Amino acid sequence: MNVDIAARVHGDALARGVLRRYGEHLPLTPDMPLISLGEGDTPLVRSTSIERDVGCAELYFKLESCNPTGSFKDRGMVVAVAKAIGDGATALMCASTGNTSASAAAYGARYGLGVYVIVPDGKIARGKLAQGSVHGAEIIAVDGNFDVALGMARAITSRHPIALVNSVNPFRIEGQKTAAFEIADALGEAPDVLAIPVGNAGNITAYWRGFIEYQRLERTTRRPRMLGFQAAGAAPLVSGEPVADPQTVASAIRIGNPASWTSAVEARDASGGGIGAVTDDEILSAYDRLAREEGIFCEPASAACVAGMLKRAAAGESFAGQVVVCVITGSGLKDPETALRAEPAIHRVPAEFEAIEREMGWA
Ligand code: AN7
C-alpha cells in the first residue's frame, strides 16, 4: 500500500462497514485495508399497502438505496477496492449503467485512486452522471450499450495494471452477499421469497451465495426462493437468448448479455425460484405506488421486483403465509428525469398567506 493511501485509510475505523462487520465471511488478506464509507447495515422496512396486494404474511423492503452512494453497489465496491489497494493498484475501471460507476468514483476519490468509467452514451440517469462527475472520475461515453462497454473494460484492464471493479471481479459478489446476512439477522430466519431486479445478474448471485453460507453456518434453517425480475425489453434470462439491443425505462438494468448468466440460472433453479419479465408500464406503476403509498423513492430498476411480485400475485400465485423481501437496489434521487416525466403539479400563487390558504382549500 502506498503512503498516501495508508494515510487516508487511517480514519475509517468508526464507520465499521462491510469489511469490519463481516470480515470473517469475506476473503480478506493481510494486505487489504479495512476501509469504509459507511456501507451496509441498511434498513429493512415493512410494507404498508403492497403487502396486502401480494397476499403474503409479511413483505419487507431492503433499502439498499440507503448506502453511501445510494445503491447496493457500495457493499461489493468496498471489498473490490480494498483488494485493489492491497494489490498495489493505483487505478480502477468499470463499465456501468451508472450505479457501479458512482460507487467506484466515490471510493476511488476517497483513497486517491484514478477512476475510469465506461458508460453507454446518453443512457445513464443524470444523478449517476453527476456522482461520477463530482467525485472526479474520468467518464468515457461510448456509442454502444452496457454489454459493449463491459467488453471494452475487460480488454483494457487485461492490458494495463488497472483493477476491473465490475461484478466479474469476485470480490464484488463477496461483498454484496452481506445483504443476505443482514436480512436473515433482522428476521431471525431466511425469508420465504427474495425478490430482486436482475441486470448483469451479480446481485442475485451474491444474495444466493449469502443465504447458502448462512444456512451452512446454521444461522438459518432454510433458503428463500429467488424470484428475479428483468425489464421486458431487456430480458435475456427469460428468453434464454442474449438481447442485442436492450431497451427499458429502467436504465440500470438495460443489459442484454448478463456476465453472471450461469450463476443466476443456478440460483433460480436451485432455489425453486424463477426469473420473470415486467413491462416498463408495470415498472412505473410500481415505482409510483412505492413513492405514494410506501414513502419509498427508488429508481425504476428497483421497482421492477415490486412490479414482479404484484404481477405474479395478480396472475393467481399464492404467497399466503409467506415472508417476502423486495430489494430496493437504488435511490430515486439518481433519476430525476423519470421522477419528473410528467410536469409536477405546482401551485403558483403570490407570496401572501391568504392566497396560499385559498389555494390549499383551507381558507
Ligand atoms: C439500481 O451500475 O449494472 O443484476 O453498471 O443499478 O447485479 O447487475 C447496475 C445494476 C439493479 C441490477 N438495480 O443488478 C451498473 C449496473 C439497480 C442497479 C441492478 C443494477 P445486477
# chains A, B, ... in the order shown; residues from 1 in each chain; ligands from 1
$ residues_around --residues "A:Ala286" --least-positions-apart "2" --cutoff "9 Å" --atoms "only C-alpha atoms" --output "PyMOL selection string"
chain A and resi 281-284+288-291+300+303-308+310
$ select_by_dssp --residues "stretch 153-328 of chain A" --states "helix (DSSP H, G or I)" --output "number ranges by chain"
A: 153-159, 170-176, 178-187, 202-216, 232-234, 236-239, 251-253, 261-270, 280-294, 300-314
$ atom_distance --atom1 "atom CA of A:Gln322" --atom2 "atom CA of A:Ala232"
26.5 Å
$ residues_around --residues "stretch 86-93 of chain A" --least-positions-apart "3" --cutoff "6 Å" --atoms "only C-alpha atoms" --output "list in words"
Met1, Asp31, Met32, Lys83, Leu113, Gly114, Val115, Tyr116, Val117, Ile162, Ala163 and Leu164 of chain A
$ residues_around --residues "A:Ser133" --least-positions-apart "5" --cutoff "12 Å" --atoms "only C-alpha atoms" --output "short mmCIF file (atom, residue, chain, number, x, y, z; two decimals) with N, CA and C atoms, in the first residue's frame"
data_model
loop_
_atom_site.label_atom_id
_atom_site.label_comp_id
_atom_site.auth_asym_id
_atom_site.auth_seq_id
_atom_site.Cartn_x
_atom_site.Cartn_y
_atom_site.Cartn_z
N GLY A 98 -24.47 3.11 -14.51
CA GLY A 98 -24.50 4.31 -13.68
C GLY A 98 -24.18 4.11 -12.21
N SER A 101 -20.49 2.87 -11.50
CA SER A 101 -19.55 3.97 -11.73
C SER A 101 -19.61 5.00 -10.61
N ALA A 102 -20.82 5.27 -10.09
CA ALA A 102 -20.95 6.22 -8.98
C ALA A 102 -20.20 5.71 -7.75
N SER A 103 -20.33 4.42 -7.50
CA SER A 103 -19.69 3.82 -6.34
C SER A 103 -18.16 3.79 -6.51
N ALA A 104 -17.71 3.35 -7.67
CA ALA A 104 -16.26 3.33 -7.94
C ALA A 104 -15.68 4.73 -7.82
N ALA A 105 -16.42 5.71 -8.32
CA ALA A 105 -15.94 7.10 -8.29
C ALA A 105 -15.76 7.58 -6.86
N ALA A 106 -16.72 7.24 -5.99
CA ALA A 106 -16.66 7.70 -4.60
C ALA A 106 -15.50 7.04 -3.84
N ALA A 109 -12.15 8.20 -5.21
CA ALA A 109 -11.81 9.56 -4.77
C ALA A 109 -11.28 9.53 -3.33
N VAL A 115 -9.93 6.79 -11.40
CA VAL A 115 -11.14 6.03 -11.73
C VAL A 115 -11.55 6.33 -13.17
N TYR A 116 -11.68 5.27 -13.96
CA TYR A 116 -12.13 5.38 -15.35
C TYR A 116 -13.43 4.60 -15.48
N VAL A 117 -14.48 5.27 -15.93
CA VAL A 117 -15.76 4.57 -16.09
C VAL A 117 -16.21 4.67 -17.54
N ARG A 126 -29.24 11.04 -14.91
CA ARG A 126 -28.48 12.27 -14.66
C ARG A 126 -27.79 12.29 -13.29
N GLY A 127 -28.47 11.77 -12.28
CA GLY A 127 -27.89 11.79 -10.93
C GLY A 127 -26.62 10.95 -10.86
N LYS A 128 -26.62 9.85 -11.59
CA LYS A 128 -25.45 8.96 -11.59
C LYS A 128 -24.28 9.61 -12.33
N GLU A 138 -12.91 9.87 -14.49
CA GLU A 138 -12.84 10.10 -15.94
C GLU A 138 -14.02 9.35 -16.55
N ILE A 139 -14.94 10.07 -17.15
CA ILE A 139 -16.15 9.44 -17.69
C ILE A 139 -15.98 9.29 -19.20
N ILE A 140 -16.00 8.05 -19.63
CA ILE A 140 -15.80 7.74 -21.04
C ILE A 140 -17.13 7.21 -21.58
#
$ residues_near_ligand --ligand "ligand 1" --cutoff "7 Å" --atoms "only C-alpha atoms and all ligand atoms" --output "number ranges by chain"
A: 71, 95-101, 197-204, 252-253, 299, 301-302, 329-330
